[in-house]
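S.K.: Here it is: the structure, laid out below.
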Amino acid sequence: MKHLIWVLCLIATTGLAGAVEENSFKQHGDFKIFYSAFGSSFLTPEVAVANNIVRGKGKGLVNIAVVKKLGVGTSAQVIGQVSNIFQQTQTLEFTAVREQDTLYYLAPFKFDNEDFLTFKISVLPTVKEGPQLETYSFKFQKKMYHD
């Protein structure tokens with residue numbers, strides 16, 4: 001699991017192979033919602049097996065993390081879909097991954113080489129105290145390549 005966090009951080013901080021847009025987070029009240037999409041082959045086989053992730057050509061992952069305090073993940077309901085330029089749509093099924101204080105949500109998707117994809121994501125952070133937040137919806141686009 002530690003390797004997965006390291007790989008996701010590497011991708012998020014370096015923009016490895018165009019894996020992350022320049023502004024890869026959205027502000028929603030006190031929360032920052034970080035997002036990225038990348039080919040599953042960036043993960044090592046060991047990390048993929050440990051997290052039940054299928055690696056391969058044309059297989060990608062969406063990573064969503066909701067934080068209020070840097071380094072501390074916030075639980076949330078995350079739903080979404082991804083579509084290509086022909087409006088072929090896939091529903092994203094997110095799985096929560098927790099490691100110590102870190103919490104993020106991963107969803108697999110399929111893509112063709114040089115697919116220009118639009119991701120539509122909705123996030124509802126879990127608030128324990130204070131007024132309930134409304135669902136925050138956003139979209140981002142990404143061109144995906146086979147390795």
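Note on naming: chains are A, B, ... as they come in the structure tokens, residues start from 1 per chain, ligands start from 1 in the order shown.
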Pick out each residue of range 26-130 of chain A that DSSP on the backbone tags as strand (DSSP E); I need them as a ChimeraX atom specification.

M.R.: /A:26-28,31-39,59-69,72-73,76-83,89-92,95-99,102-110,115-125

S.K.: Which residues of range 80-127 of chain A come within 12 Å of range 29-46 of chain A, and for each one, what is the closest pair of atoms and their distance in Å to one decimal, counting only C-alpha atoms, sorted by chain and residue number, as CSV?

M.R.:
residue,atom,partner,partner_atom,distance
A:Val82,CA,A:Ala37,CA,10.6
A:Leu92,CA,A:Ala37,CA,11.9
A:Leu103,CA,A:Phe34,CA,11.4
A:Tyr104,CA,A:Phe34,CA,9.2
A:Tyr105,CA,A:Tyr35,CA,9.5
A:Leu106,CA,A:Ala37,CA,9.5
A:Ala107,CA,A:Ala37,CA,9.4
A:Pro108,CA,A:Ser40,CA,8.4
A:Phe109,CA,A:Gly39,CA,9.3
A:Lys110,CA,A:Gly39,CA,9.2
A:Phe111,CA,A:Gly39,CA,9.0
A:Asp112,CA,A:Gly39,CA,10.9
A:Asn113,CA,A:Gly39,CA,10.6
A:Glu114,CA,A:Gly39,CA,11.8
A:Asp115,CA,A:Gly39,CA,11.8
A:Phe116,CA,A:Ala37,CA,11.8
A:Leu117,CA,A:Ala37,CA,9.8
A:Thr118,CA,A:Ala37,CA,10.5
A:Phe119,CA,A:Ala37,CA,9.0
A:Lys120,CA,A:Tyr35,CA,11.2
A:Ile121,CA,A:Tyr35,CA,9.4
A:Ser122,CA,A:Ile33,CA,10.3
A:Val123,CA,A:Ile33,CA,8.3
A:Leu124,CA,A:Ile33,CA,10.3
A:Pro125,CA,A:Phe31,CA,8.1
A:Thr126,CA,A:Phe31,CA,10.7
A:Val127,CA,A:Phe31,CA,10.6

S.K.: Which residue is closest to Gln77 in chain A? Choose from A:Gln100, A:Gln141, A:Gln27, A:Thr135 and count only C-alpha atoms.

M.R.: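 Once distances to Gln77 in chain A are computed over only C-alpha atoms, the minimum belongs to A:Thr135.
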
S.K.: Residues near Thr102 in chain A, anyone? I mean within 6 Å using only C-alpha atoms, not counting same-chain ones fewer than 3 positions away, as a list in words.

M.R.: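 What passes the distance filter is Val72, Gly73, Arg98 and Glu99 of chain A.
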
S.K.: I need the chosen residues saved as a PDB file, in the first residue's frame, with N, CA and C atoms.

M.R.:
ATOM      1  N   VAL A  72      -4.386  14.733   5.439  1.00  0.00           N
ATOM      2  CA  VAL A  72      -5.417  13.981   6.136  1.00  0.00           C
ATOM      3  C   VAL A  72      -6.627  13.858   5.216  1.00  0.00           C
ATOM      4  N   GLY A  73      -6.917  12.637   4.803  1.00  0.00           N
ATOM      5  CA  GLY A  73      -8.036  12.398   3.904  1.00  0.00           C
ATOM      6  C   GLY A  73      -9.371  12.531   4.606  1.00  0.00           C
ATOM      7  N   ARG A  98      -7.559   3.379   2.139  1.00  0.00           N
ATOM      8  CA  ARG A  98      -7.103   4.110   3.319  1.00  0.00           C
ATOM      9  C   ARG A  98      -5.759   3.570   3.759  1.00  0.00           C
ATOM     10  N   GLU A  99      -4.863   4.510   4.040  1.00  0.00           N
ATOM     11  CA  GLU A  99      -3.550   4.190   4.585  1.00  0.00           C
ATOM     12  C   GLU A  99      -3.218   5.224   5.627  1.00  0.00           C
TER      13      GLU A  99
END
